[in-house]
$ cat input_32.cif   # mmCIF, N, CA and C atoms
data_upload
#
loop_
_atom_site.label_atom_id
_atom_site.label_comp_id
_atom_site.auth_asym_id
_atom_site.auth_seq_id
_atom_site.Cartn_x
_atom_site.Cartn_y
_atom_site.Cartn_z
N MET A 1 0.85 -1.17 0.00
CA MET A 1 0.00 0.00 0.00
C MET A 1 0.90 1.24 0.00
N SER A 2 0.58 2.19 -0.84
CA SER A 2 1.40 3.39 -0.93
C SER A 2 1.18 4.28 0.30
N ARG A 3 2.14 5.14 0.53
CA ARG A 3 2.07 6.08 1.65
C ARG A 3 0.81 6.93 1.55
N GLN A 4 0.51 7.43 0.36
CA GLN A 4 -0.66 8.28 0.19
C GLN A 4 -1.96 7.50 0.39
N SER A 5 -1.99 6.24 -0.04
CA SER A 5 -3.18 5.41 0.17
C SER A 5 -3.40 5.17 1.66
N ARG A 6 -2.32 4.89 2.35
CA ARG A 6 -2.41 4.66 3.80
C ARG A 6 -2.90 5.90 4.50
N LEU A 7 -2.37 7.06 4.13
CA LEU A 7 -2.78 8.32 4.74
C LEU A 7 -4.24 8.62 4.41
N ALA A 8 -4.66 8.34 3.19
CA ALA A 8 -6.06 8.57 2.79
C ALA A 8 -7.00 7.70 3.61
N GLN A 9 -6.64 6.44 3.84
CA GLN A 9 -7.46 5.55 4.65
C GLN A 9 -7.57 6.06 6.08
N LEU A 10 -6.45 6.49 6.64
CA LEU A 10 -6.46 7.03 8.00
C LEU A 10 -7.32 8.29 8.08
N ALA A 11 -7.20 9.17 7.10
CA ALA A 11 -7.99 10.40 7.08
C ALA A 11 -9.48 10.08 7.03
N SER A 12 -9.85 9.15 6.17
CA SER A 12 -11.25 8.76 6.05
C SER A 12 -11.79 8.22 7.38
N ARG A 13 -11.01 7.38 8.01
CA ARG A 13 -11.42 6.78 9.28
C ARG A 13 -11.56 7.85 10.37
N VAL A 14 -10.58 8.72 10.50
CA VAL A 14 -10.61 9.76 11.53
C VAL A 14 -11.76 10.72 11.31
N LEU A 15 -11.98 11.13 10.06
CA LEU A 15 -13.02 12.11 9.77
C LEU A 15 -14.42 11.53 9.90
N SER A 16 -14.57 10.22 9.81
CA SER A 16 -15.90 9.62 9.92
C SER A 16 -16.18 9.08 11.33
N ASP A 17 -15.19 9.10 12.20
CA ASP A 17 -15.32 8.53 13.54
C ASP A 17 -15.26 9.64 14.59
N PRO A 18 -16.36 9.90 15.30
CA PRO A 18 -16.39 10.99 16.27
C PRO A 18 -15.73 10.68 17.61
N GLN A 19 -14.97 9.61 17.69
CA GLN A 19 -14.34 9.21 18.95
C GLN A 19 -13.32 10.27 19.40
N PRO A 20 -13.14 10.39 20.72
CA PRO A 20 -12.11 11.31 21.22
C PRO A 20 -10.71 10.75 20.97
N HIS A 21 -9.73 11.55 21.27
CA HIS A 21 -8.32 11.17 21.13
C HIS A 21 -7.96 10.92 19.66
N VAL A 22 -8.06 11.96 18.87
CA VAL A 22 -7.75 11.90 17.45
C VAL A 22 -6.28 11.53 17.28
N PRO A 23 -5.99 10.48 16.50
CA PRO A 23 -4.60 10.05 16.34
C PRO A 23 -3.79 11.00 15.46
N SER A 24 -2.51 10.98 15.68
CA SER A 24 -1.59 11.77 14.87
C SER A 24 -1.49 11.15 13.47
N PRO A 25 -1.37 11.99 12.45
CA PRO A 25 -1.19 11.48 11.09
C PRO A 25 0.26 11.10 10.78
N CYS A 26 1.16 11.24 11.74
CA CYS A 26 2.58 10.98 11.50
C CYS A 26 2.80 9.55 11.01
N LEU A 27 3.55 9.41 9.92
CA LEU A 27 3.91 8.10 9.37
C LEU A 27 5.41 7.84 9.53
N SER A 28 6.07 8.67 10.32
CA SER A 28 7.51 8.56 10.58
C SER A 28 8.34 8.69 9.31
N ILE A 29 7.87 9.52 8.39
CA ILE A 29 8.61 9.89 7.19
C ILE A 29 8.74 11.41 7.27
N CYS A 30 9.66 11.87 8.04
CA CYS A 30 9.74 13.29 8.41
C CYS A 30 10.71 14.05 7.51
N VAL A 31 10.22 14.38 6.32
CA VAL A 31 10.99 15.14 5.34
C VAL A 31 10.08 16.22 4.79
N MET A 32 10.50 17.47 4.93
CA MET A 32 9.67 18.57 4.45
C MET A 32 9.91 18.81 2.96
N ASN A 33 8.83 18.91 2.21
CA ASN A 33 8.90 19.21 0.79
C ASN A 33 9.12 20.70 0.63
N PRO A 34 10.20 21.13 -0.01
CA PRO A 34 10.48 22.56 -0.12
C PRO A 34 9.49 23.31 -1.02
N THR A 35 8.82 22.60 -1.90
CA THR A 35 7.85 23.25 -2.79
C THR A 35 6.52 23.48 -2.10
N THR A 36 5.98 22.43 -1.48
CA THR A 36 4.66 22.54 -0.85
C THR A 36 4.73 23.04 0.58
N GLY A 37 5.85 22.79 1.26
CA GLY A 37 5.95 23.13 2.67
C GLY A 37 5.29 22.10 3.58
N TRP A 38 4.94 20.95 3.02
CA TRP A 38 4.29 19.87 3.77
C TRP A 38 5.28 18.75 4.00
N CYS A 39 5.07 18.03 5.09
CA CYS A 39 5.85 16.84 5.35
C CYS A 39 5.52 15.79 4.28
N GLU A 40 6.53 15.11 3.78
CA GLU A 40 6.32 14.08 2.76
C GLU A 40 5.52 12.90 3.29
N GLY A 41 5.57 12.66 4.60
CA GLY A 41 4.85 11.53 5.18
C GLY A 41 3.40 11.84 5.50
N CYS A 42 3.16 12.90 6.27
CA CYS A 42 1.81 13.17 6.78
C CYS A 42 1.12 14.35 6.12
N LEU A 43 1.81 15.07 5.28
CA LEU A 43 1.28 16.24 4.56
C LEU A 43 0.86 17.38 5.48
N ARG A 44 1.48 17.46 6.66
CA ARG A 44 1.23 18.60 7.54
C ARG A 44 2.33 19.65 7.35
N SER A 45 1.97 20.89 7.65
CA SER A 45 2.97 21.96 7.65
C SER A 45 3.76 21.90 8.95
N LEU A 46 4.88 22.62 9.00
CA LEU A 46 5.65 22.66 10.24
C LEU A 46 4.81 23.21 11.39
N ALA A 47 3.99 24.21 11.12
CA ALA A 47 3.13 24.79 12.17
C ALA A 47 2.13 23.74 12.68
N GLU A 48 1.53 22.98 11.75
CA GLU A 48 0.57 21.95 12.16
C GLU A 48 1.25 20.86 12.99
N ILE A 49 2.45 20.50 12.60
CA ILE A 49 3.21 19.49 13.35
C ILE A 49 3.54 20.02 14.74
N GLY A 50 4.04 21.24 14.79
CA GLY A 50 4.43 21.83 16.07
C GLY A 50 3.27 22.08 17.02
N ASP A 51 2.12 22.41 16.47
CA ASP A 51 0.94 22.72 17.29
C ASP A 51 0.16 21.48 17.71
N TRP A 52 0.41 20.33 17.07
CA TRP A 52 -0.43 19.14 17.24
C TRP A 52 -0.73 18.80 18.70
N ALA A 53 0.26 18.76 19.54
CA ALA A 53 0.07 18.34 20.94
C ALA A 53 -0.85 19.27 21.72
N GLN A 54 -0.94 20.52 21.32
CA GLN A 54 -1.78 21.48 22.02
C GLN A 54 -3.19 21.59 21.45
N LEU A 55 -3.44 21.00 20.28
CA LEU A 55 -4.75 21.12 19.64
C LEU A 55 -5.79 20.24 20.31
N ASP A 56 -7.04 20.72 20.37
CA ASP A 56 -8.12 19.87 20.84
C ASP A 56 -8.57 18.99 19.68
N ASP A 57 -9.44 18.03 19.97
CA ASP A 57 -9.85 17.07 18.94
C ASP A 57 -10.52 17.73 17.74
N THR A 58 -11.28 18.79 17.96
CA THR A 58 -11.94 19.50 16.85
C THR A 58 -10.89 20.06 15.89
N HIS A 59 -9.88 20.69 16.44
CA HIS A 59 -8.84 21.28 15.58
C HIS A 59 -7.97 20.21 14.94
N LYS A 60 -7.75 19.09 15.65
CA LYS A 60 -7.01 17.99 15.04
C LYS A 60 -7.77 17.44 13.84
N ARG A 61 -9.10 17.35 13.94
CA ARG A 61 -9.91 16.90 12.80
C ARG A 61 -9.83 17.89 11.64
N GLN A 62 -9.71 19.18 11.96
CA GLN A 62 -9.54 20.19 10.91
C GLN A 62 -8.23 19.97 10.17
N VAL A 63 -7.18 19.60 10.89
CA VAL A 63 -5.90 19.29 10.24
C VAL A 63 -6.07 18.06 9.36
N TRP A 64 -6.76 17.03 9.87
CA TRP A 64 -7.01 15.84 9.06
C TRP A 64 -7.80 16.18 7.80
N SER A 65 -8.75 17.10 7.93
CA SER A 65 -9.53 17.53 6.76
C SER A 65 -8.62 18.21 5.73
N ALA A 66 -7.71 19.03 6.21
CA ALA A 66 -6.75 19.69 5.31
C ALA A 66 -5.86 18.65 4.63
N ILE A 67 -5.47 17.62 5.38
CA ILE A 67 -4.65 16.54 4.80
C ILE A 67 -5.44 15.85 3.69
N ALA A 68 -6.71 15.56 3.92
CA ALA A 68 -7.55 14.91 2.90
C ALA A 68 -7.64 15.78 1.65
N GLN A 69 -7.77 17.08 1.82
CA GLN A 69 -7.81 17.99 0.67
C GLN A 69 -6.47 18.00 -0.06
N ARG A 70 -5.40 17.98 0.68
CA ARG A 70 -4.07 17.95 0.06
C ARG A 70 -3.86 16.66 -0.73
N LEU A 71 -4.33 15.56 -0.18
CA LEU A 71 -4.24 14.29 -0.90
C LEU A 71 -4.99 14.36 -2.23
N GLN A 72 -6.18 14.95 -2.21
CA GLN A 72 -6.97 15.10 -3.43
C GLN A 72 -6.25 15.97 -4.45
N SER A 73 -5.64 17.04 -3.98
CA SER A 73 -4.94 17.92 -4.93
C SER A 73 -3.71 17.23 -5.50
N LEU A 74 -3.04 16.41 -4.72
CA LEU A 74 -1.90 15.65 -5.23
C LEU A 74 -2.33 14.61 -6.24
N GLU A 75 -3.47 13.96 -5.98
CA GLU A 75 -3.99 12.97 -6.94
C GLU A 75 -4.40 13.64 -8.24
N SER A 76 -4.99 14.82 -8.14
CA SER A 76 -5.41 15.56 -9.34
C SER A 76 -4.21 15.98 -10.19
N ALA A 77 -3.12 16.30 -9.51
CA ALA A 77 -1.91 16.77 -10.22
C ALA A 77 -1.17 15.61 -10.90
N SER A 78 -1.45 14.39 -10.46
CA SER A 78 -0.73 13.22 -11.02
C SER A 78 -1.24 12.85 -12.39
#
$ encode --input "input_32.cif" --output "structure tokens"
Amino acid sequence: MSRQSRLAQLASRVLSDPQPHVPSPCLSICVMNPTTGWCEGCLRSLAEIGDWAQLDDTHKRQVWSAIAQRLQSLESAS
């Protein structure tokens, strides 16, 4: 399974499940893309990565929603 497929599955699960304790999208591939400014593994920005521990579940889901949108834009560009 590709990294993007795995991330898309996780995003779908998190965004459809109202359970507390939203998991981190980190895939332990911590390389920032100089063009997009997103991590190559989780597609978060440095600010989103740095803020993650302080975010409440609502805001964490907003980050997951942004990741899902980024995945769609990457698929469209391919």
$ select_by_dssp --input "input_32.cif" --residues "chain A" --states "alpha helix (DSSP H)" --output "VMD selection string"
chain A and resid 3 to 16 46 to 51 57 to 77
$ write_last_selection --input "input_32.cif" --atoms "N, CA and C atoms" --output "compact mmCIF listing (two decimals), in the frame of the given file"
# COMPACT_ATOMS: atom_id res chain seq x y z
N ARG A 3 2.14 5.14 0.53
CA ARG A 3 2.07 6.08 1.65
C ARG A 3 0.81 6.93 1.55
N GLN A 4 0.51 7.43 0.36
CA GLN A 4 -0.66 8.28 0.19
C GLN A 4 -1.96 7.50 0.39
N SER A 5 -1.99 6.24 -0.04
CA SER A 5 -3.18 5.41 0.17
C SER A 5 -3.40 5.17 1.66
N ARG A 6 -2.32 4.89 2.35
CA ARG A 6 -2.41 4.66 3.80
C ARG A 6 -2.90 5.90 4.50
N LEU A 7 -2.37 7.06 4.13
CA LEU A 7 -2.78 8.32 4.74
C LEU A 7 -4.24 8.62 4.41
N ALA A 8 -4.66 8.34 3.19
CA ALA A 8 -6.06 8.57 2.79
C ALA A 8 -7.00 7.70 3.61
N GLN A 9 -6.64 6.44 3.84
CA GLN A 9 -7.46 5.55 4.65
C GLN A 9 -7.57 6.06 6.08
N LEU A 10 -6.45 6.49 6.64
CA LEU A 10 -6.46 7.03 8.00
C LEU A 10 -7.32 8.29 8.08
N ALA A 11 -7.20 9.17 7.10
CA ALA A 11 -7.99 10.40 7.08
C ALA A 11 -9.48 10.08 7.03
N SER A 12 -9.85 9.15 6.17
CA SER A 12 -11.25 8.76 6.05
C SER A 12 -11.79 8.22 7.38
N ARG A 13 -11.01 7.38 8.01
CA ARG A 13 -11.42 6.78 9.28
C ARG A 13 -11.56 7.85 10.37
N VAL A 14 -10.58 8.72 10.50
CA VAL A 14 -10.61 9.76 11.53
C VAL A 14 -11.76 10.72 11.31
N LEU A 15 -11.98 11.13 10.06
CA LEU A 15 -13.02 12.11 9.77
C LEU A 15 -14.42 11.53 9.90
N SER A 16 -14.57 10.22 9.81
CA SER A 16 -15.90 9.62 9.92
C SER A 16 -16.18 9.08 11.33
N LEU A 46 4.88 22.62 9.00
CA LEU A 46 5.65 22.66 10.24
C LEU A 46 4.81 23.21 11.39
N ALA A 47 3.99 24.21 11.12
CA ALA A 47 3.13 24.79 12.17
C ALA A 47 2.13 23.74 12.68
N GLU A 48 1.53 22.98 11.75
CA GLU A 48 0.57 21.95 12.16
C GLU A 48 1.25 20.86 12.99
N ILE A 49 2.45 20.50 12.60
CA ILE A 49 3.21 19.49 13.35
C ILE A 49 3.54 20.02 14.74
N GLY A 50 4.04 21.24 14.79
CA GLY A 50 4.43 21.83 16.07
C GLY A 50 3.27 22.08 17.02
N ASP A 51 2.12 22.41 16.47
CA ASP A 51 0.94 22.72 17.29
C ASP A 51 0.16 21.48 17.71
N ASP A 57 -9.44 18.03 19.97
CA ASP A 57 -9.85 17.07 18.94
C ASP A 57 -10.52 17.73 17.74
N THR A 58 -11.28 18.79 17.96
CA THR A 58 -11.94 19.50 16.85
C THR A 58 -10.89 20.06 15.89
N HIS A 59 -9.88 20.69 16.44
CA HIS A 59 -8.84 21.28 15.58
C HIS A 59 -7.97 20.21 14.94
N LYS A 60 -7.75 19.09 15.65
CA LYS A 60 -7.01 17.99 15.04
C LYS A 60 -7.77 17.44 13.84
N ARG A 61 -9.10 17.35 13.94
CA ARG A 61 -9.91 16.90 12.80
C ARG A 61 -9.83 17.89 11.64
N GLN A 62 -9.71 19.18 11.96
CA GLN A 62 -9.54 20.19 10.91
C GLN A 62 -8.23 19.97 10.17
N VAL A 63 -7.18 19.60 10.89
CA VAL A 63 -5.90 19.29 10.24
C VAL A 63 -6.07 18.06 9.36
N TRP A 64 -6.76 17.03 9.87
CA TRP A 64 -7.01 15.84 9.06
C TRP A 64 -7.80 16.18 7.80
N SER A 65 -8.75 17.10 7.93
CA SER A 65 -9.53 17.53 6.76
C SER A 65 -8.62 18.21 5.73
N ALA A 66 -7.71 19.03 6.21
CA ALA A 66 -6.75 19.69 5.31
C ALA A 66 -5.86 18.65 4.63
N ILE A 67 -5.47 17.62 5.38
CA ILE A 67 -4.65 16.54 4.80
C ILE A 67 -5.44 15.85 3.69
N ALA A 68 -6.71 15.56 3.92
CA ALA A 68 -7.55 14.91 2.90
C ALA A 68 -7.64 15.78 1.65
N GLN A 69 -7.77 17.08 1.82
CA GLN A 69 -7.81 17.99 0.67
C GLN A 69 -6.47 18.00 -0.06
N ARG A 70 -5.40 17.98 0.68
CA ARG A 70 -4.07 17.95 0.06
C ARG A 70 -3.86 16.66 -0.73
N LEU A 71 -4.33 15.56 -0.18
CA LEU A 71 -4.24 14.29 -0.90
C LEU A 71 -4.99 14.36 -2.23
N GLN A 72 -6.18 14.95 -2.21
CA GLN A 72 -6.97 15.10 -3.43
C GLN A 72 -6.25 15.97 -4.45
N SER A 73 -5.64 17.04 -3.98
CA SER A 73 -4.94 17.92 -4.93
C SER A 73 -3.71 17.23 -5.50
N LEU A 74 -3.04 16.41 -4.72
CA LEU A 74 -1.90 15.65 -5.23
C LEU A 74 -2.33 14.61 -6.24
N GLU A 75 -3.47 13.96 -5.98
CA GLU A 75 -3.99 12.97 -6.94
C GLU A 75 -4.40 13.64 -8.24
N SER A 76 -4.99 14.82 -8.14
CA SER A 76 -5.41 15.56 -9.34
C SER A 76 -4.21 15.98 -10.19
N ALA A 77 -3.12 16.30 -9.51
CA ALA A 77 -1.91 16.77 -10.22
C ALA A 77 -1.17 15.61 -10.90
$ atom_distance --input "input_32.cif" --atom1 "CA of Trp52 (chain A)" --atom2 "CA of Pro25 (chain A)"
9.9 Å
$ closest_residue --input "input_32.cif" --among "A:Leu74, A:Ile67, A:Val14, A:Met1" --to "Leu43 (chain A)" --atoms "all atoms listed in the file"
A:Ile67
$ resolve_selection --input "input_32.cif" --expression "the PyMOL selection byres ((chain A and resi 64) around 8)" --output "JSON, numbers by chain"
{"A": [10, 11, 12, 14, 15, 25, 58, 59, 60, 61, 62, 63, 65, 66, 67, 68, 69, 70]}
$ atom_distance --input "input_32.cif" --atom1 "CA of Cys30 (chain A)" --atom2 "CA of Gln72 (chain A)"
20.6 Å
$ closest_residue --input "input_32.cif" --among "A:Thr36, A:Glu75, A:Cys26, A:Pro20" --to "Ile49 (chain A)" --atoms "only C-alpha atoms"
A:Cys26
$ atom_distance --input "input_32.cif" --atom1 "atom C of Ala77 (chain A)" --atom2 "atom C of Gly50 (chain A)"
29.0 Å
$ axis_aligned_box --input "input_32.cif" --around "region 10-14 of chain A" --padding-each-side "6 Å" --output "AutoDock Vina command-line options"
--center_x -9.1 --center_y 8.6 --center_z 8.8 --size_x 17.3 --size_y 16.2 --size_z 17.5
$ residues_around --input "input_32.cif" --residues "Ile29 (chain A)" --least-positions-apart "3" --cutoff "7 Å" --atoms "all atoms listed in the file" --output "list in words"
Cys26, Met32, Cys39, Glu40, Gly41 and Cys42 of chain A
$ select_by_dssp --input "input_32.cif" --residues "region 16-74 of chain A" --states "strand (DSSP E or B)" --output "JSON, numbers by chain"
{"A": [32, 38, 39, 45]}
$ decode --input "input_32.cif" --residues "region 24-42 of chain A" --atoms "C-alpha atoms" --output "PDB file, in the first residue's frame"
ATOM      1  CA  SER A  24      -1.591  11.768  14.872  1.00  0.00           C
ATOM      2  CA  PRO A  25      -1.186  11.483  11.091  1.00  0.00           C
ATOM      3  CA  CYS A  26       2.577  10.978  11.497  1.00  0.00           C
ATOM      4  CA  LEU A  27       3.912   8.102   9.371  1.00  0.00           C
ATOM      5  CA  SER A  28       7.515   8.562  10.580  1.00  0.00           C
ATOM      6  CA  ILE A  29       8.614   9.885   7.186  1.00  0.00           C
ATOM      7  CA  CYS A  30       9.743  13.287   8.412  1.00  0.00           C
ATOM      8  CA  VAL A  31      10.994  15.136   5.337  1.00  0.00           C
ATOM      9  CA  MET A  32       9.668  18.569   4.445  1.00  0.00           C
ATOM     10  CA  ASN A  33       8.903  19.206   0.786  1.00  0.00           C
ATOM     11  CA  PRO A  34      10.483  22.555  -0.125  1.00  0.00           C
ATOM     12  CA  THR A  35       7.853  23.252  -2.791  1.00  0.00           C
ATOM     13  CA  THR A  36       4.655  22.540  -0.853  1.00  0.00           C
ATOM     14  CA  GLY A  37       5.946  23.135   2.675  1.00  0.00           C
ATOM     15  CA  TRP A  38       4.295  19.875   3.774  1.00  0.00           C
ATOM     16  CA  CYS A  39       5.852  16.835   5.350  1.00  0.00           C
ATOM     17  CA  GLU A  40       6.322  14.080   2.756  1.00  0.00           C
ATOM     18  CA  GLY A  41       4.846  11.532   5.180  1.00  0.00           C
ATOM     19  CA  CYS A  42       1.809  13.167   6.777  1.00  0.00           C
TER      20      CYS A  42
END
